[in-house]
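Down below is the structure, laid out as structure tokens.
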Amino acid sequence: MPRNSRLALLARIGAAALFLTVGACSAAPASQAVVPPPKLDPAPAAAGDQVAVLAGGCFWGLQAVFEHVKGVRHVWAGYAGGAADTAHYFRVAEGDTGHAESVKIVYDPAQVSYGTLLQVFFSVAHDPTELNRQGPDHGTQYRSEIFTTTPQQREVAQAYIRQLGAAHAFDAPIVTRVEPLPAFYMAEGYHQDYYRTHANDPYIVYNDAPKVAALSRLMPQLYRTETGNADGGR
């Protein structure tokens with residue numbers, strides 16, 4: 001296994017442990033305030049559960065945030081943007097596969113809209129102004145991207161980014177990409193629900209727990225204590 005691959009996972013833990021040592025475990029989440037909701041947020045054309053695929057840094061934190069959103073039935077960690085034969089953690093960690101660490105969200109549009117999921121994404125799940133990085137993680141696999149599954153999703157996502165840019169919702173330009181989803185590949189089992197099964201992991205404590213706390217504090221109408229994954233996604 002290449003040296004960079006062996007170090008990829010250790011870099012996450014090591015960076016977080018260093019921050020904890022110097023007393024920085026109360027770091028702020030990606031956003032200090034909830035950004036405005038999207039003006040364009042139509043109901044989906046098809047009935048039934050819908051799928052959203054988002055990328056914004058380490059998928060552990062993204063999965064944790066969206067598991068706690070009301071109306072979300074299940075969230076999986078995985079890879080999107082590259083080919084099937086490179087959709088493996090230590091290969092994606094090389095940063096040259098085209099993949100981004102992503103989450104696949106199955107949600108009930110009668111309870112939560114696609115636009116609301118994007119509002120969570122931009123408000124508390126990650127920093128959309130960081131190019132090819134989030135916190136201690138660097139590389140194209142940690143980019144901010146919305147992988148759309150329908151033309152309507154693409155229209156909503158692009159309109160929302162324009163809306164937030166025009167409103168100067170962030171101090172720096174939004175770098176989030178919007179592209180049709182080519183395919184989503186499930187991540188290895190040990191990555192699934194990592195937040196719940198490794199609550200005391202320094203990386204989780206420093207980088208991801210503040211995001212879940214921000215969802216609870218800033219968007220309490222959307223927050224639920226139990227998670228969709230905890231009840232089998234029902």
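As shown in the structure tokens, the chain order sets the letters A, B, ...; within each chain, residues go from 1, and ligands are also counted from 1 in the order they appear.
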
Step one, run DSSP on the backbone; step two, keep only residues of segment 9-226 of chain A assigned to alpha helix (DSSP H); then write them as number ranges by chain.
A: 9-21, 59-67, 89-92, 114-120, 151-166, 194-197, 202-203, 209-218

Where does DSSP see strand (DSSP E) in segment 125-209 of chain A, if you list the residues as a list in words?
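Of segment 125-209 of chain A, the ones in strand (DSSP E) are Arg133, Gln134, Asp137, His138, Ser144, Glu145, Ile146, Phe147, Thr148, Arg177, Val178, Glu179, Pro180, Phe184, Tyr185 and Met186 of chain A.
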
Test item: residues at most 12 Å from segment 190-198 of chain A, only C-alpha atoms, excluding those fewer than 4 positions along its chain, as a PyMOL selection string:
chain A and resi 9+13+58-68+74-79+88-89+101-104+186+202-212+225-230+232

Leaving out segment 140-144 of chain A and any residue of its chain fewer than 5 positions from it, which residues lie within 10 Å of it when counting only C-alpha atoms, given as an MDAnalysis selection string?
chainID A and resid 54:59 79:81 92:102 121:122 126:135 174:178

Just want the 9 Å neighbourhood of segment 44-49 of chain A, counted on only C-alpha atoms, with same-chain residues fewer than 2 positions away dropped. Output as a ChimeraX atom specification.
/A:41-42,51,73,106-110,113-114,152-153

What does the file look like for those residues with N, CA and C atoms, as a PDB file, in the first residue's frame?
ATOM      1  N   ASP A  41     -37.729  25.910  -4.406  1.00  0.00           N
ATOM      2  CA  ASP A  41     -37.724  24.623  -3.696  1.00  0.00           C
ATOM      3  C   ASP A  41     -39.028  23.868  -3.990  1.00  0.00           C
ATOM      4  N   PRO A  42     -39.232  23.474  -5.232  1.00  0.00           N
ATOM      5  CA  PRO A  42     -40.496  22.815  -5.599  1.00  0.00           C
ATOM      6  C   PRO A  42     -40.569  21.389  -5.085  1.00  0.00           C
ATOM      7  N   VAL A  51     -33.809  10.808  -3.181  1.00  0.00           N
ATOM      8  CA  VAL A  51     -32.388  10.611  -2.882  1.00  0.00           C
ATOM      9  C   VAL A  51     -31.626  11.900  -3.152  1.00  0.00           C
ATOM     10  N   ARG A  73     -34.610   9.289   6.216  1.00  0.00           N
ATOM     11  CA  ARG A  73     -34.824   7.890   6.566  1.00  0.00           C
ATOM     12  C   ARG A  73     -33.521   7.129   6.740  1.00  0.00           C
ATOM     13  N   VAL A 106     -31.514   9.260   1.856  1.00  0.00           N
ATOM     14  CA  VAL A 106     -32.875   8.909   1.461  1.00  0.00           C
ATOM     15  C   VAL A 106     -33.817   9.657   2.406  1.00  0.00           C
ATOM     16  N   TYR A 107     -34.718  10.446   1.831  1.00  0.00           N
ATOM     17  CA  TYR A 107     -35.556  11.299   2.670  1.00  0.00           C
ATOM     18  C   TYR A 107     -37.000  11.302   2.168  1.00  0.00           C
ATOM     19  N   ASP A 108     -37.888  11.677   3.071  1.00  0.00           N
ATOM     20  CA  ASP A 108     -39.314  11.776   2.777  1.00  0.00           C
ATOM     21  C   ASP A 108     -39.632  13.236   2.463  1.00  0.00           C
ATOM     22  N   PRO A 109     -39.930  13.579   1.210  1.00  0.00           N
ATOM     23  CA  PRO A 109     -40.178  14.979   0.856  1.00  0.00           C
ATOM     24  C   PRO A 109     -41.437  15.557   1.487  1.00  0.00           C
ATOM     25  N   ALA A 110     -42.286  14.706   2.059  1.00  0.00           N
ATOM     26  CA  ALA A 110     -43.449  15.211   2.780  1.00  0.00           C
ATOM     27  C   ALA A 110     -43.041  15.782   4.134  1.00  0.00           C
ATOM     28  N   SER A 113     -37.804  19.007   2.639  1.00  0.00           N
ATOM     29  CA  SER A 113     -37.615  19.244   1.212  1.00  0.00           C
ATOM     30  C   SER A 113     -36.148  19.150   0.829  1.00  0.00           C
ATOM     31  N   TYR A 114     -35.912  19.015  -0.459  1.00  0.00           N
ATOM     32  CA  TYR A 114     -34.546  19.008  -0.977  1.00  0.00           C
ATOM     33  C   TYR A 114     -33.860  20.330  -0.647  1.00  0.00           C
ATOM     34  N   GLN A 152     -34.399  18.626 -11.861  1.00  0.00           N
ATOM     35  CA  GLN A 152     -34.985  19.572 -10.904  1.00  0.00           C
ATOM     36  C   GLN A 152     -34.015  19.860  -9.760  1.00  0.00           C
ATOM     37  N   GLN A 153     -33.343  18.832  -9.242  1.00  0.00           N
ATOM     38  CA  GLN A 153     -32.351  19.051  -8.194  1.00  0.00           C
ATOM     39  C   GLN A 153     -31.242  19.974  -8.687  1.00  0.00           C
TER      40      GLN A 153
END

Provide the atom CA of Gly165 of chain A to atom CA of Thr148 of chain A distance in Å, to one decimal place.
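Answer for the atom CA of Gly165 of chain A to atom CA of Thr148 of chain A separation: 19.6 Å.
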